Amino acid sequence: MAAPIGTDLSAALLTAPVPPGNWLVILPVVHCIVLGALMLMLRAHVRLHALIAVLGLAALVVVDAVLLKRVIDDGPVTMVMGRWLPPFGIAFTVDLFGALMALAAAIAALAGSLYALTDIDAGGRRFGFFPFLMFLMAGVSGALLTGDIFNLYVWFEVLLISSFGLLILGSEREQIDGAMKYAVLNLIGTTLFLIAVGYLYAIFGTLNMADIALKAAGLRDSAPLMTLAALFLFAFAMKAAAFPVNFWLPASYHTPRIVVSALFAGLLTKVGIYALIRVVVMLLPVEREALSLMIALVGAATVLIGALGALAQTDIRRMLGYVVISGIGNMLAGIAIGTPGGVSGSVFYALHSVMLMMALYLLAGQAARLGGSFQLSALGGLYRECGWFAAVSLILFLAACGLPPFSGFWPKVILVKASLDIGAWWLAAALLAGGFLTTICFGRVFLLAYWRPAPAPVEAVAIGWQSALPLLALTALVTGFGILPEPLLSLAQAAAGSLADPGAYIHSVFPEGAAQ
């Protein structure tokens with residue numbers, strides 16, 4: 001509807017030119033969409049898809065690294081669409097947490113694109129693996145960089161639709177079955193998310209996150225914010241695969257190509273955790289505090305159920321699905337604790353988990369190529385087959401168990417200490433017990449698949465650079481974050497601090513004060 005004649009809209013419009021550096025906030029999303037569309041237009045030239053995707057994702061890593069540098073130097077950055085100022089216009093706002101997660105996601109996607117050169121055959125490429133990958137990254141980047149909660153929902157939809165496409169590449173019976181479980185349960189979570197967004201708009205009259213953070217304190221005594229927090233918690237817990245709404249993950253993650261499983265394990269559940277931290281830690285901290293015991297119980301149960309589930313599996317892909325779930329429990333524990341130490345532990349764990357889970361799934365794919373199966377009963381002799389591959393595997397297994405000197409050790413220590421600091425010894429015990437069970441689980445894998453002689457002769461398979469390079473690069477990051485944790489730890493602590501005190505985030509959106 002047009003504004004009445006004589007209405008002065010200048011206060012709601014951006015009149016100054018947008019600084020060139022601010023365009024960086026939306027560049028990752030636009031970049032992925034443009035390249036995905038370009039590949040669709042070049043569907044008659046499938047050979048070019050891989051080249052475009054690898055170069056495009058390498059460029060995305062550079063863009064996200066520059067964006068992170070900009071945020072570290074200048075603080076949160078905001079870009080508004082259509083010249084309408086927030087809260088009227090749609091805003092993309094990136095802070096340190098969002099920038100760190102976006103860079104980690106881009107690195108993981110680049111590693112996946114390289115591995116896909118050997119894992120995705122001509123049929124998978126013809127059905128659009130690489131365009132789906134670019135649209136998936138558009139959704140992931142949009143979810144991590146948006147400053148508007150309805151657009152968070154929209155980008156979730158983009159990544160979900162792309163993930164459906166990736167999940168059914170090949171159209172095998174097992175894939176369709178896994179995709180149905182994945183689709184139905186994720187759509188339930190998405191519906192809850194949409195209901196929560198509508199409820200939020202009815203309460204606040206805005207969907208801008210900075211505006212919500214400003215208004216929440218004034219509405220705390222009069223609005224049902226606890227109900228709202230519980231709705232978001234349930235929706236995001238389902239997307240992150242927290243107990244007891246986690247059963248869709250082990251039922252679906254073992255069905256697609258291994259590189260698709262790796263992308264899902266590295267990226268999708270972490271976006272759910274990101275959204276949960278953004279909403280309940282930054283926007284609704286008082287309600288998070290009230291729900292902290294329930295979140296802690298869910299976190300502890302998720303850690304233990306995930307670790308026990310992994311221990312019960314004989315298929316490496318199914319086992320890794322439960323390891324993903326156990327990791328989600330660790331991050332939920334940090335959210336429940338809510339102190340700067342707890343939240344920084346969750347942020348550190350999320351960044352470590354993006355790299356680690358991606359690497360573990362790629363490792364499982366390579367182990368199956370060398371040994372001829374994903375079943376532990378059929379694997380053996382991988383140490384004798386390829387010594388350096390066994391060494392890389394051992395490093396990643398130790399990192400997954402949270403043992404020093406690798407990247408999983410530090411967030412585990414931070415979370416256990418934060419639990420003990422608030423007197424939650426039982427939560428600390430659950431985190432340690434989960435690590436112990438995971439150690440037994442990976443110890444069994446190493447003994448059976450690597451150390452034990454092969455049950456039957458298998459044909460020797462060479463490891464190509466397309467598989468070795470991403471695996472070695474991710475292992476180097478996992479090792480580097482463990483041996484030199486200080487830079488990443490400092491960034492995680494700064495990110496947790498900015499979530500607890502979102503003043504800089506709000507100032508980035510409303511540099512001259514909130515709109516009335």
# chains A, B, ... in the order shown; residues from 1 in each chain; ligands from 1
$ residues_around --residues "A:Ala492" --least-positions-apart "6" --cutoff "7 Å" --atoms "only C-alpha atoms" --output "JSON, numbers by chain"
{"A": [344, 347, 348]}
$ write_last_selection --atoms "all heavy atoms" --output "short mmCIF file (atom, residue, chain, number, x, y, z; two decimals), in the first residue's frame"
data_model
loop_
_atom_site.label_atom_id
_atom_site.label_comp_id
_atom_site.auth_asym_id
_atom_site.auth_seq_id
_atom_site.Cartn_x
_atom_site.Cartn_y
_atom_site.Cartn_z
N SER A 344 31.44 -20.31 24.99
CA SER A 344 32.66 -20.37 24.17
C SER A 344 33.06 -21.82 23.91
O SER A 344 33.57 -22.15 22.83
CB SER A 344 33.81 -19.62 24.84
OG SER A 344 34.19 -20.25 26.05
N VAL A 347 30.88 -22.90 21.04
CA VAL A 347 31.33 -22.31 19.77
C VAL A 347 32.58 -23.03 19.27
O VAL A 347 32.69 -23.40 18.10
CB VAL A 347 31.61 -20.79 19.95
CG1 VAL A 347 32.25 -20.21 18.70
CG2 VAL A 347 30.32 -20.05 20.28
N PHE A 348 33.54 -23.25 20.18
CA PHE A 348 34.78 -23.97 19.82
C PHE A 348 34.43 -25.37 19.34
O PHE A 348 34.94 -25.85 18.31
CB PHE A 348 35.70 -24.02 21.05
CG PHE A 348 37.14 -24.37 20.73
CD1 PHE A 348 38.18 -23.67 21.31
CD2 PHE A 348 37.47 -25.41 19.86
CE1 PHE A 348 39.51 -23.99 21.03
CE2 PHE A 348 38.78 -25.73 19.58
CZ PHE A 348 39.80 -25.02 20.17
#
$ residues_around --residues "stretch 473-490 of chain A" --least-positions-apart "2" --cutoff "8 Å" --atoms "only C-alpha atoms" --output "short mmCIF file (atom, residue, chain, number, x, y, z; two decimals) with C-alpha atoms, in the first residue's frame"
data_model
loop_
_atom_site.label_atom_id
_atom_site.label_comp_id
_atom_site.auth_asym_id
_atom_site.auth_seq_id
_atom_site.Cartn_x
_atom_site.Cartn_y
_atom_site.Cartn_z
CA ALA A 111 37.01 -30.25 0.91
CA SER A 344 32.66 -20.37 24.17
CA PHE A 348 34.78 -23.97 19.82
CA HIS A 352 35.96 -28.27 15.57
CA MET A 355 36.03 -30.03 10.30
CA LEU A 356 36.17 -33.29 12.21
CA ALA A 359 36.98 -35.58 7.76
CA VAL A 392 45.62 -39.92 9.72
CA ILE A 395 44.65 -38.64 14.65
CA LEU A 396 41.00 -38.09 13.71
CA ALA A 399 40.26 -35.86 18.12
CA PRO A 404 45.07 -34.43 23.57
CA PRO A 405 46.77 -32.94 21.67
CA PHE A 406 44.01 -32.63 19.04
CA SER A 407 41.18 -30.15 18.58
CA GLY A 408 38.48 -32.11 20.42
CA PHE A 409 40.40 -31.91 23.69
CA TRP A 410 40.09 -28.18 24.36
CA LEU A 469 44.23 -33.64 -0.31
CA PRO A 470 40.95 -32.81 1.50
CA LEU A 471 41.61 -35.51 4.09
CA ALA A 492 35.47 -18.38 20.43
CA GLN A 493 35.60 -16.46 23.72
CA ALA A 494 35.13 -13.15 21.89
#
$ residues_around --residues "A:Asp148" --least-positions-apart "4" --cutoff "12 Å" --atoms "only C-alpha atoms" --output "PyMOL selection string"
chain A and resi 78-81+86-94+142-144+152-155+197+200-201+206-213+275+278-279+283+509
$ residues_around --residues "stretch 413-423 of chain A" --least-positions-apart "4" --cutoff "10 Å" --atoms "only C-alpha atoms" --output "ChimeraX atom specification"
/A:296,330-331,333-346,348-349,402-403,408-409,427-432,489
$ residues_around --residues "stretch 250-267 of chain A" --least-positions-apart "6" --cutoff "6 Å" --atoms "only C-alpha atoms" --output "list of chain:residue names"
A:Leu167, A:Gln175, A:Gly178, A:Arg317, A:Arg318, A:Gly321, A:Val354, A:Met357, A:Met358, A:Tyr361, A:Gly365
$ write_last_selection --atoms "N, CA and C atoms" --output "CSV table (one decimal), in the first residue's frame"
chain,number,residue,atom,x,y,z
A,167,LEU,N,20.3,-36.0,-1.2
A,167,LEU,CA,20.1,-37.2,-0.5
A,167,LEU,C,19.6,-38.3,-1.5
A,175,GLN,N,18.1,-45.2,-0.4
A,175,GLN,CA,18.2,-43.7,-0.4
A,175,GLN,C,16.8,-43.1,-0.3
A,178,GLY,N,15.6,-43.5,3.3
A,178,GLY,CA,16.3,-42.6,4.2
A,178,GLY,C,15.8,-41.2,4.0
A,317,ARG,N,29.4,-46.1,8.8
A,317,ARG,CA,28.6,-44.9,8.5
A,317,ARG,C,27.5,-44.7,9.5
A,318,ARG,N,26.9,-45.8,9.9
A,318,ARG,CA,25.8,-45.7,11.0
A,318,ARG,C,26.5,-45.3,12.3
A,321,GLY,N,27.1,-41.6,12.4
A,321,GLY,CA,25.8,-40.9,12.6
A,321,GLY,C,25.6,-40.7,14.1
A,354,VAL,N,32.7,-29.2,12.7
A,354,VAL,CA,32.5,-29.0,11.3
A,354,VAL,C,33.6,-29.7,10.5
A,357,MET,N,33.9,-33.9,11.6
A,357,MET,CA,32.9,-34.9,11.1
A,357,MET,C,33.0,-35.0,9.6
A,358,MET,N,33.3,-33.8,8.9
A,358,MET,CA,33.6,-33.9,7.5
A,358,MET,C,34.7,-34.9,7.2
A,361,TYR,N,33.8,-38.7,7.9
A,361,TYR,CA,33.0,-39.4,6.8
A,361,TYR,C,33.9,-39.6,5.6
A,365,GLY,N,34.8,-43.3,3.8
A,365,GLY,CA,34.6,-43.6,2.4
A,365,GLY,C,35.9,-44.2,1.9
$ closest_residue --among "A:Gly327, A:Gly299, A:Pro19, A:Gly218" --to "A:Lys412" --atoms "only C-alpha atoms"
A:Gly327
$ residues_around --residues "A:Phe442" --least-positions-apart "6" --cutoff "10 Å" --atoms "only C-alpha atoms" --output "JSON, numbers by chain"
{"A": [310, 311, 316, 319, 320, 393, 394, 396, 397, 398, 400, 401, 448]}
$ select_by_dssp --residues "stretch 15-126 of chain A" --states "alpha helix (DSSP H)" --output "VMD selection string"
chain A and resid 27 to 41 47 to 74 96 to 119 122 to 126
